[in-house]
Structures are given as C-alpha cells and as structure tokens.
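Let me begin by presenting the structure, written as structure tokens, before commenting on it.
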Number of protein chains: 2
Amino acid sequence: MKNTEKEFYDVFTDFQCFIIAQVNSGDFNGVTATHYNLVEFIYRNGASSNKQLSLKFQVSQAAISRQVKFLLAANLVMQTQLKQDRRVFYLEVTEKGRQLIDGSENFRMNTTNQVCRILDKEELEALTSLLQKVVQGLHS
Amino acid sequence: MKNTEKEFYDVFTDFQCFIIAQVNSGDFNGVTATHYNLVEFIYRNGASSNKQLSLKFQVSQAAISRQVKFLLAANLVMQTQLKQDRRVFYLEVTEKGRQLIDGSENFRMNTTNQVCRILDKEELEALTSLLQKVVQGLHS
DNA sequence: TGTTAATGATTAACTAAGTTAAGTATTATT
DNA sequence: AATAATACTTAACTTAGTTAATCATTAACA
C-alpha cells in the first residue's frame, strides 16, 4: 500500500465511522436518523414513490415500506395513489415533516450540513467534484 | 440552501448511501463487512484492545465484544492478556486473518480501495486533506 | 494497608433496521 | 383473454447496535 493510500485510509476510516455512527445514533424525539433521511429526501426531491426511495437509499422496497409506515403514523409524510398508475403511491412531506427538516434543532442531525459548516465555498466545491467522480466510478 | 451546498448535498447523499450499503451488504464467506473492517483495522494498526476498537469505530465495548467473539471463533484474530494490565486483552490477526485482508477476492469489499482505484494520486491527496479538515471539524 | 472508586471486558435483554420470500393489486405483453 | 411484470405490503428472520449488570483487575487515598 502506497503512502498516499495509507494516509487516505486513515482519515477515511475515521470519516466512515462518523457517518455510520450518525446513522446509528437515532432517536431525536422518536425520529431516527433513518426516518429523518427519508423525510429530508422527500422534502428536497418532491413527491417520491416507494420504488424511488429504495433505489436512492439502496435498500429493499420492503425496508422502505416499513419505514414509510412509521412516517405515516407519525404524520411526517402523506401518501397518495398515483392516478396514472394505481400501483404507485407517492409520498409528500406534511407541514409537520417540513418543520422537522427546517427546525434548527434538527439541523445538527444532517451530515451534509455539518460538512458545509466546516468547509468554505472553494473547499466544498472541490470536495463535491471529487465525490462526484468517486460516485460515478462506483456505479460503473 | 445555497447552490454550492445543494450540489454537495446531492452527491454526498449518494456517497453516504454507498457507504451504508457497503456496511449492510456483508456476508463474504460468512464474514460481514463489520467483521472485515475490524480485522483490517487490527491488521493495519497492530495489536489492539477491545477499548481501542470501541473508540475507533464509535460503538459500545459490548458491541465490539460480541464481534470479537465471532472473530475468535472464526480464527481470524487471537487474543492475549496484557501482562502489564491484566484487565486488557489485546488482539492480533492470525494467518487466516491476514489472508482475508490480503486476498485479492476480498479487495473489493474495502471502500477505501475502491476510492483509491477511481482517483489518481493528486485527486486522492486533495480528497485526503479535505476529509482531514472535515474529520477534525467534526470532533471539535 | 485496606477500602473504595475506576477501568476493561463480558453477558443478558432489548431494539432498529436490514434481508428474502410470498401475497395482492394493477398494468403491460402477446 | 391469459400470462408476465411491476409496485407495494406483510411475515419470519438476521445482524448489529444499545443499556444495565457483573466480574476481574488496577488506581486512589484516608
């Protein structure tokens, strides 16, 4: 293993541990990080189907289905059957869901926001384009 | 949310999903990604205690304890009581553990290696120093 | 020096969140 | 019209965390 790679390994494992810890941390007023991430995605992405979420988060539709069940019960999202294809139920955030994402108290939950706080504009742009390349490379 | 941040959010959520998917994927010959990460860390870091691993991976000692139990049963690591402090049991990889990490088939399991494969030297160095800043920022 | 407090590791009971497989409703194919 | 495919759901199971309690050992100190 080359020296450059060794240095990357060291910092990256720390970073990776942080991301995973964040997901495992959960439970902010009964809302786990997993719930939060789903609501946030629906909020930013707009109306989303079960299928779309399963592709985005790379988990089974069964997993999404159960999480959505919770989000519906908690009144964070609402579900509507699509008229053009009645197999599809699309999700939108409720007012309560919007408040969860916008609420400054929850701001800290978001890894993205933490990174944005730490890096300046140029650094953020550099990191974005590097990760873009990595993500593209991973999917090919 | 500024445009720079929005772009970062989009690519970062993809990246984050990949990392989590990798950890959830598991089961390469009965060895999950969690097991693999532990063995890899012990291999690269040298003799490590339960406590050290729990700090590194940001999980409870109880969680480490159970994972280590598996690694011992699978003969991937071995445990020795420290003479200077007999509360501590340090871990080292066995020959089989070393083979697991070195084996080219397992190479793909490692997120670090995938990133190293995708980026060239300069890009890797740039990403390393950006993540270094992020990691430091997160811990302060 | 002997008691008390702290530390490292382990176990038990529990929880969160994934998985696969099977089932239902709807749509597409031929 | 029958068959195949798709979107979603549910059930049974697994993995890997958590906290709380316990044991052995070491550190602190009256």
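By order of appearance in the structure tokens: chains A, B, ..., then residues from 1 within every chain, and ligands from 1 in the order shown.
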
Within 12 Å of region 56-66 of chain B, counting only C-alpha atoms (C1' of nucleotides), which residues qualify if same-chain residues fewer than 2 places away don't, as JSON, numbers by chain? {"A": [10, 11, 12, 13, 14, 15, 16, 17, 18, 19, 20, 21, 22, 23, 24, 25], "B": [34, 35, 37, 38, 39, 41, 42, 45, 48, 49, 50, 51, 52, 53, 54, 68, 69, 70, 71, 72, 73, 79, 89, 90, 91], "C": [8, 9, 10, 11, 12], "D": [15, 16, 17, 18, 19, 20]}

For the residues in the current selection, export C-alpha atoms (C1' of nucleotides) as a CSV table (one decimal), in the first residue's frame.
chain,number,residue,atom,x,y,z
A,10,ASP,CA,-6.5,6.6,7.9
A,11,VAL,CA,-8.7,9.6,7.5
A,12,PHE,CA,-11.3,7.8,5.5
A,13,THR,CA,-11.9,5.2,8.1
A,14,ASP,CA,-12.5,7.9,10.7
A,15,PHE,CA,-14.9,9.6,8.3
A,16,GLN,CA,-16.7,6.4,7.6
A,17,CYS,CA,-17.1,5.7,11.3
A,18,PHE,CA,-18.6,9.1,11.8
A,19,ILE,CA,-21.2,8.5,9.0
A,20,ILE,CA,-22.2,5.2,10.4
A,21,ALA,CA,-22.3,6.5,14.0
A,22,GLN,CA,-24.6,9.2,12.8
A,23,VAL,CA,-27.0,6.7,11.2
A,24,ASN,CA,-26.9,4.5,14.3
A,25,SER,CA,-27.3,7.4,16.7
B,34,THR,CA,-18.3,-5.2,10.1
B,35,HIS,CA,-16.1,-8.2,10.8
B,37,ASN,CA,-13.4,-3.7,9.0
B,38,LEU,CA,-12.4,-4.9,12.5
B,39,VAL,CA,-9.9,-7.4,11.1
B,41,PHE,CA,-8.0,-2.3,11.4
B,42,ILE,CA,-6.2,-4.7,13.7
B,45,ASN,CA,-2.9,-0.9,13.3
B,48,SER,CA,-5.4,-3.5,19.6
B,49,SER,CA,-7.6,-3.8,22.7
B,50,ASN,CA,-11.4,-4.0,22.9
B,51,LYS,CA,-11.4,-0.5,24.2
B,52,GLN,CA,-9.3,0.9,21.4
B,53,LEU,CA,-11.6,-0.6,18.8
B,54,SER,CA,-14.7,0.7,20.5
B,68,VAL,CA,-14.6,-10.2,18.6
B,69,LYS,CA,-16.2,-13.4,19.9
B,70,PHE,CA,-17.1,-14.2,16.3
B,71,LEU,CA,-13.6,-13.3,15.0
B,72,LEU,CA,-12.0,-15.6,17.6
B,73,ALA,CA,-14.4,-18.5,16.8
B,79,GLN,CA,-6.4,-12.7,22.0
B,89,PHE,CA,-6.8,-8.4,26.2
B,90,TYR,CA,-5.1,-7.4,23.0
B,91,LEU,CA,-6.0,-8.7,19.6
C,8,DG,C1',-11.7,-3.2,30.7
C,9,DA,C1',-14.2,-7.0,29.2
C,10,DT,C1',-18.3,-9.8,29.1
C,11,DT,C1',-23.1,-11.2,29.2
C,12,DA,C1',-28.2,-10.6,29.0
D,15,DT,C1',-27.4,-8.6,12.1
D,16,DA,C1',-25.6,-5.4,14.9
D,17,DG,C1',-26.3,-1.9,17.6
D,18,DT,C1',-28.0,-0.3,22.6
D,19,DT,C1',-28.1,-0.1,28.1
D,20,DA,C1',-27.6,-2.2,32.5

Using all C-alpha atoms paired in order, least-squares fit chain B onto chain A and give me the moved copy as a CSV table (one decimal) with C-alpha atoms, in the first residue's frame.
chain,number,residue,atom,x,y,z
B,1,MET,CA,0.0,0.1,0.1
B,2,LYS,CA,1.5,3.4,-1.0
B,3,ASN,CA,1.9,6.2,1.4
B,4,THR,CA,-0.7,8.4,-0.3
B,5,GLU,CA,-3.2,5.5,0.1
B,6,LYS,CA,-2.2,4.8,3.7
B,7,GLU,CA,-2.9,8.5,4.6
B,8,PHE,CA,-6.2,8.3,2.8
B,9,TYR,CA,-7.1,5.1,4.5
B,10,ASP,CA,-6.5,6.6,8.0
B,11,VAL,CA,-8.7,9.6,7.5
B,12,PHE,CA,-11.3,7.9,5.5
B,13,THR,CA,-11.9,5.2,8.1
B,14,ASP,CA,-12.5,7.9,10.6
B,15,PHE,CA,-14.9,9.6,8.3
B,16,GLN,CA,-16.7,6.4,7.5
B,17,CYS,CA,-17.1,5.6,11.2
B,18,PHE,CA,-18.6,9.1,11.7
B,19,ILE,CA,-21.2,8.5,9.0
B,20,ILE,CA,-22.2,5.1,10.3
B,21,ALA,CA,-22.3,6.4,13.9
B,22,GLN,CA,-24.6,9.2,12.7
B,23,VAL,CA,-27.0,6.6,11.2
B,24,ASN,CA,-26.9,4.4,14.3
B,25,SER,CA,-27.4,7.4,16.6
B,26,GLY,CA,-31.0,7.9,16.0
B,27,ASP,CA,-33.8,8.9,18.2
B,28,PHE,CA,-34.4,12.6,18.1
B,29,ASN,CA,-37.9,12.9,19.6
B,30,GLY,CA,-38.6,9.3,18.4
B,31,VAL,CA,-37.3,10.1,14.9
B,32,THR,CA,-34.2,8.1,14.0
B,33,ALA,CA,-31.6,9.3,11.5
B,34,THR,CA,-33.0,6.8,9.0
B,35,HIS,CA,-36.5,8.3,9.3
B,36,TYR,CA,-35.0,11.8,9.0
B,37,ASN,CA,-33.0,11.0,5.9
B,38,LEU,CA,-36.2,9.7,4.2
B,39,VAL,CA,-38.2,12.8,5.1
B,40,GLU,CA,-35.4,15.1,4.1
B,41,PHE,CA,-35.1,13.4,0.7
B,42,ILE,CA,-38.8,13.6,0.0
B,43,TYR,CA,-38.8,17.2,1.1
B,44,ARG,CA,-36.0,18.2,-1.2
B,45,ASN,CA,-36.8,15.9,-4.1
B,46,GLY,CA,-40.5,16.4,-4.0
B,47,ALA,CA,-43.2,13.6,-4.4
B,48,SER,CA,-41.4,10.3,-4.3
B,49,SER,CA,-42.5,6.7,-4.7
B,50,ASN,CA,-41.6,3.7,-2.5
B,51,LYS,CA,-39.6,2.4,-5.5
B,52,GLN,CA,-37.7,5.6,-6.0
B,53,LEU,CA,-36.7,5.7,-2.3
B,54,SER,CA,-35.5,2.1,-2.4
B,55,LEU,CA,-33.3,2.9,-5.4
B,56,LYS,CA,-31.9,6.1,-3.9
B,57,PHE,CA,-31.1,4.6,-0.5
B,58,GLN,CA,-30.0,1.2,-1.9
B,59,VAL,CA,-32.3,-0.8,0.4
B,60,SER,CA,-35.1,-3.2,-0.4
B,61,GLN,CA,-38.6,-1.9,-1.0
B,62,ALA,CA,-39.7,-3.9,2.0
B,63,ALA,CA,-37.4,-1.9,4.2
B,64,ILE,CA,-38.7,1.4,2.8
B,65,SER,CA,-42.3,0.1,3.2
B,66,ARG,CA,-41.8,-0.4,6.9
B,67,GLN,CA,-40.1,3.0,7.4
B,68,VAL,CA,-42.8,4.8,5.5
B,69,LYS,CA,-45.4,3.1,7.7
B,70,PHE,CA,-43.8,4.8,10.7
B,71,LEU,CA,-43.6,8.2,8.9
B,72,LEU,CA,-47.3,8.0,8.0
B,73,ALA,CA,-48.2,7.1,11.6
B,74,ALA,CA,-46.0,10.0,12.8
B,75,ASN,CA,-47.8,12.3,10.4
B,76,LEU,CA,-44.4,13.4,8.8
B,77,VAL,CA,-45.4,12.3,5.3
B,78,MET,CA,-48.7,11.7,3.4
B,79,GLN,CA,-49.4,9.1,0.8
B,80,THR,CA,-51.5,9.5,-2.4
B,81,GLN,CA,-52.2,6.9,-5.0
B,82,LEU,CA,-51.0,8.0,-8.5
B,83,LYS,CA,-53.9,8.3,-10.9
B,84,GLN,CA,-51.9,7.3,-14.0
B,85,ASP,CA,-50.6,4.1,-12.4
B,86,ARG,CA,-52.6,3.0,-9.4
B,87,ARG,CA,-49.8,0.6,-8.3
B,88,VAL,CA,-47.8,3.6,-7.3
B,89,PHE,CA,-48.3,5.5,-4.0
B,90,TYR,CA,-46.3,8.8,-3.9
B,91,LEU,CA,-45.2,10.5,-0.8
B,92,GLU,CA,-45.0,14.1,0.2
B,93,VAL,CA,-44.0,15.7,3.4
B,94,THR,CA,-46.7,17.2,5.7
B,95,GLU,CA,-46.4,20.5,7.4
B,96,LYS,CA,-45.0,18.6,10.4
B,97,GLY,CA,-42.5,16.9,8.2
B,98,ARG,CA,-41.4,20.2,6.8
B,99,GLN,CA,-40.9,21.6,10.3
B,100,LEU,CA,-38.8,18.6,11.2
B,101,ILE,CA,-36.4,19.4,8.4
B,102,ASP,CA,-36.4,23.2,8.8
B,103,GLY,CA,-36.3,23.2,12.5
B,104,SER,CA,-32.9,24.5,13.7
B,105,GLU,CA,-32.7,21.9,16.4
B,106,ASN,CA,-32.6,19.2,13.9
B,107,PHE,CA,-30.0,20.9,11.8
B,108,ARG,CA,-27.3,19.1,13.5
B,109,MET,CA,-28.6,15.7,12.5
B,110,ASN,CA,-27.7,16.2,8.9
B,111,THR,CA,-24.2,15.2,8.0
B,112,THR,CA,-24.3,17.3,4.9
B,113,ASN,CA,-24.9,20.4,7.0
B,114,GLN,CA,-22.1,19.6,9.3
B,115,VAL,CA,-19.7,19.3,6.3
B,116,CYS,CA,-21.0,22.6,4.9
B,117,ARG,CA,-20.4,24.3,8.2
B,118,ILE,CA,-16.7,23.1,8.4
B,119,LEU,CA,-15.6,23.8,4.8
B,120,ASP,CA,-15.6,27.1,2.9
B,121,LYS,CA,-17.1,27.6,-0.6
B,122,GLU,CA,-14.0,26.6,-2.6
B,123,GLU,CA,-13.3,23.6,-0.4
B,124,LEU,CA,-16.9,22.5,-0.7
B,125,GLU,CA,-16.8,22.7,-4.4
B,126,ALA,CA,-13.6,20.8,-4.6
B,127,LEU,CA,-15.0,18.0,-2.3
B,128,THR,CA,-18.2,17.9,-4.4
B,129,SER,CA,-16.4,17.3,-7.7
B,130,LEU,CA,-14.1,14.7,-6.1
B,131,LEU,CA,-17.0,12.8,-4.6
B,132,GLN,CA,-18.9,13.2,-7.9
B,133,LYS,CA,-16.0,11.3,-9.6
B,134,VAL,CA,-16.0,8.7,-6.9
B,135,VAL,CA,-19.7,8.1,-7.1
B,136,GLN,CA,-19.6,7.8,-10.9
B,137,GLY,CA,-16.7,5.4,-10.6
B,138,LEU,CA,-18.5,3.3,-8.1
B,139,HIS,CA,-21.5,2.8,-10.3
B,140,SER,CA,-19.5,1.7,-13.3

Considering only C-alpha atoms (C1' of nucleotides), tabulate each residue of chain C that lies at most 12 Å from chain A along with its nearest interatomic pair and the corresponding distance in Å to one decimal; arrange the rows by chain and ascending residue number and present them as a Markdown table.
| residue | atom | partner | partner_atom | distance |
| --- | --- | --- | --- | --- |
| C:DT15 | C1' | A:Asn24 | CA | 11.6 |
| C:DA16 | C1' | A:Asn24 | CA | 8.7 |
| C:DA17 | C1' | A:Ala63 | CA | 7.5 |
| C:DG18 | C1' | A:Ala63 | CA | 6.8 |
| C:DT19 | C1' | A:Ser60 | CA | 8.0 |
| C:DT20 | C1' | A:Ala62 | CA | 9.8 |
| C:DA21 | C1' | A:Ala62 | CA | 11.2 |
| C:DT24 | C1' | A:Arg87 | CA | 10.7 |
| C:DA25 | C1' | A:Arg87 | CA | 7.0 |
| C:DT26 | C1' | A:Arg87 | CA | 5.4 |
| C:DT27 | C1' | A:Asp85 | CA | 7.5 |
| C:DA28 | C1' | A:Asp85 | CA | 11.6 |

Output file for the residues above (C-alpha atoms (C1' of nucleotides), as an mmCIF file, in the first residue's frame):
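Result went into selection30.cif, see below:
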data_model
loop_
_atom_site.group_PDB
_atom_site.id
_atom_site.type_symbol
_atom_site.label_atom_id
_atom_site.label_comp_id
_atom_site.auth_asym_id
_atom_site.auth_seq_id
_atom_site.Cartn_x
_atom_site.Cartn_y
_atom_site.Cartn_z
ATOM 1 C "C1'" DT C 15 -34.328 -2.575 19.745
ATOM 2 C "C1'" DA C 16 -33.683 -0.832 14.949
ATOM 3 C "C1'" DA C 17 -33.406 -1.825 10.552
ATOM 4 C "C1'" DG C 18 -31.975 -4.565 7.204
ATOM 5 C "C1'" DT C 19 -32.944 -9.219 4.415
ATOM 6 C "C1'" DT C 20 -35.742 -12.873 1.495
ATOM 7 C "C1'" DA C 21 -39.986 -14.989 0.201
ATOM 8 C "C1'" DT C 24 -52.166 -8.666 -3.510
ATOM 9 C "C1'" DA C 25 -53.416 -5.200 -6.865
ATOM 10 C "C1'" DT C 26 -52.531 -3.201 -11.042
ATOM 11 C "C1'" DT C 27 -50.517 -2.676 -15.591
ATOM 12 C "C1'" DA C 28 -48.060 -4.410 -19.825
#

DSSP on the backbone: what in chain A comes out helix (DSSP H, G or I), as a ChimeraX atom specification? /A:3-25,33-45,50-56,61-73,95-102,104-109,111-118,121-138

Would you give me, as a PDB file with N, CA and C atoms, in the first residue's frame, the residues in region 5-139 of chain B that DSSP reads as strand (DSSP E or B)?
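As a result, states.pdb now contains:
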ATOM      1  N   PHE B  28     -19.393 -12.211   3.136  1.00  0.00           N
ATOM      2  CA  PHE B  28     -18.461 -12.762   2.171  1.00  0.00           C
ATOM      3  C   PHE B  28     -17.843 -13.975   2.846  1.00  0.00           C
ATOM      4  N   VAL B  31     -18.254 -13.813   6.495  1.00  0.00           N
ATOM      5  CA  VAL B  31     -17.637 -12.646   7.129  1.00  0.00           C
ATOM      6  C   VAL B  31     -18.359 -11.394   6.653  1.00  0.00           C
ATOM      7  N   SER B  48      -4.435  -4.506  19.145  1.00  0.00           N
ATOM      8  CA  SER B  48      -5.448  -3.534  19.567  1.00  0.00           C
ATOM      9  C   SER B  48      -6.300  -4.127  20.672  1.00  0.00           C
ATOM     10  N   SER B  49      -6.703  -3.296  21.609  1.00  0.00           N
ATOM     11  CA  SER B  49      -7.593  -3.756  22.670  1.00  0.00           C
ATOM     12  C   SER B  49      -9.042  -3.508  22.269  1.00  0.00           C
ATOM     13  N   VAL B  77      -8.689 -13.716  14.383  1.00  0.00           N
ATOM     14  CA  VAL B  77      -7.824 -12.966  15.300  1.00  0.00           C
ATOM     15  C   VAL B  77      -7.507 -13.854  16.503  1.00  0.00           C
ATOM     16  N   MET B  78      -6.461 -13.480  17.252  1.00  0.00           N
ATOM     17  CA  MET B  78      -6.192 -14.178  18.504  1.00  0.00           C
ATOM     18  C   MET B  78      -6.017 -13.147  19.619  1.00  0.00           C
ATOM     19  N   GLN B  79      -6.322 -13.613  20.827  1.00  0.00           N
ATOM     20  CA  GLN B  79      -6.420 -12.715  21.965  1.00  0.00           C
ATOM     21  C   GLN B  79      -5.369 -13.099  23.006  1.00  0.00           C
ATOM     22  N   THR B  80      -4.682 -12.090  23.528  1.00  0.00           N
ATOM     23  CA  THR B  80      -3.687 -12.336  24.569  1.00  0.00           C
ATOM     24  C   THR B  80      -3.884 -11.338  25.698  1.00  0.00           C
ATOM     25  N   GLN B  81      -3.789 -11.846  26.919  1.00  0.00           N
ATOM     26  CA  GLN B  81      -3.931 -10.955  28.070  1.00  0.00           C
ATOM     27  C   GLN B  81      -2.635 -10.151  28.224  1.00  0.00           C
ATOM     28  N   PHE B  89      -7.157  -7.285  27.131  1.00  0.00           N
ATOM     29  CA  PHE B  89      -6.848  -8.393  26.227  1.00  0.00           C
ATOM     30  C   PHE B  89      -6.589  -7.801  24.860  1.00  0.00           C
ATOM     31  N   TYR B  90      -5.372  -7.934  24.349  1.00  0.00           N
ATOM     32  CA  TYR B  90      -5.119  -7.356  23.035  1.00  0.00           C
ATOM     33  C   TYR B  90      -5.269  -8.376  21.932  1.00  0.00           C
ATOM     34  N   LEU B  91      -5.633  -7.872  20.772  1.00  0.00           N
ATOM     35  CA  LEU B  91      -5.956  -8.721  19.628  1.00  0.00           C
ATOM     36  C   LEU B  91      -4.926  -8.565  18.528  1.00  0.00           C
ATOM     37  N   GLU B  92      -4.636  -9.663  17.876  1.00  0.00           N
ATOM     38  CA  GLU B  92      -3.772  -9.648  16.694  1.00  0.00           C
ATOM     39  C   GLU B  92      -4.394 -10.558  15.655  1.00  0.00           C
ATOM     40  N   VAL B  93      -4.147 -10.260  14.380  1.00  0.00           N
ATOM     41  CA  VAL B  93      -4.709 -11.123  13.342  1.00  0.00           C
ATOM     42  C   VAL B  93      -3.908 -12.412  13.251  1.00  0.00           C
TER      43      VAL B  93
END

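The space between C1' of DT22 (chain D) and C1' of DT3 (chain C) spans 19.7 Å.
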
Please build the interface table for chain D against chain A with a cut-off of 8 Å, listing for each qualifying residue the nearest atom pair and the distance in Å to one decimal; count only C-alpha atoms (C1' of nucleotides), order rows by chain and increasing number, and write it as JSON lines.
{"residue": "D:DT6", "atom": "C1'", "partner": "A:Arg87", "partner_atom": "CA", "distance": 8.0}
{"residue": "D:DA7", "atom": "C1'", "partner": "A:Arg87", "partner_atom": "CA", "distance": 5.1}
{"residue": "D:DC8", "atom": "C1'", "partner": "A:Arg87", "partner_atom": "CA", "distance": 7.2}
{"residue": "D:DT9", "atom": "C1'", "partner": "A:Ser65", "partner_atom": "CA", "distance": 7.1}
{"residue": "D:DG17", "atom": "C1'", "partner": "A:Asn24", "partner_atom": "CA", "distance": 7.2}
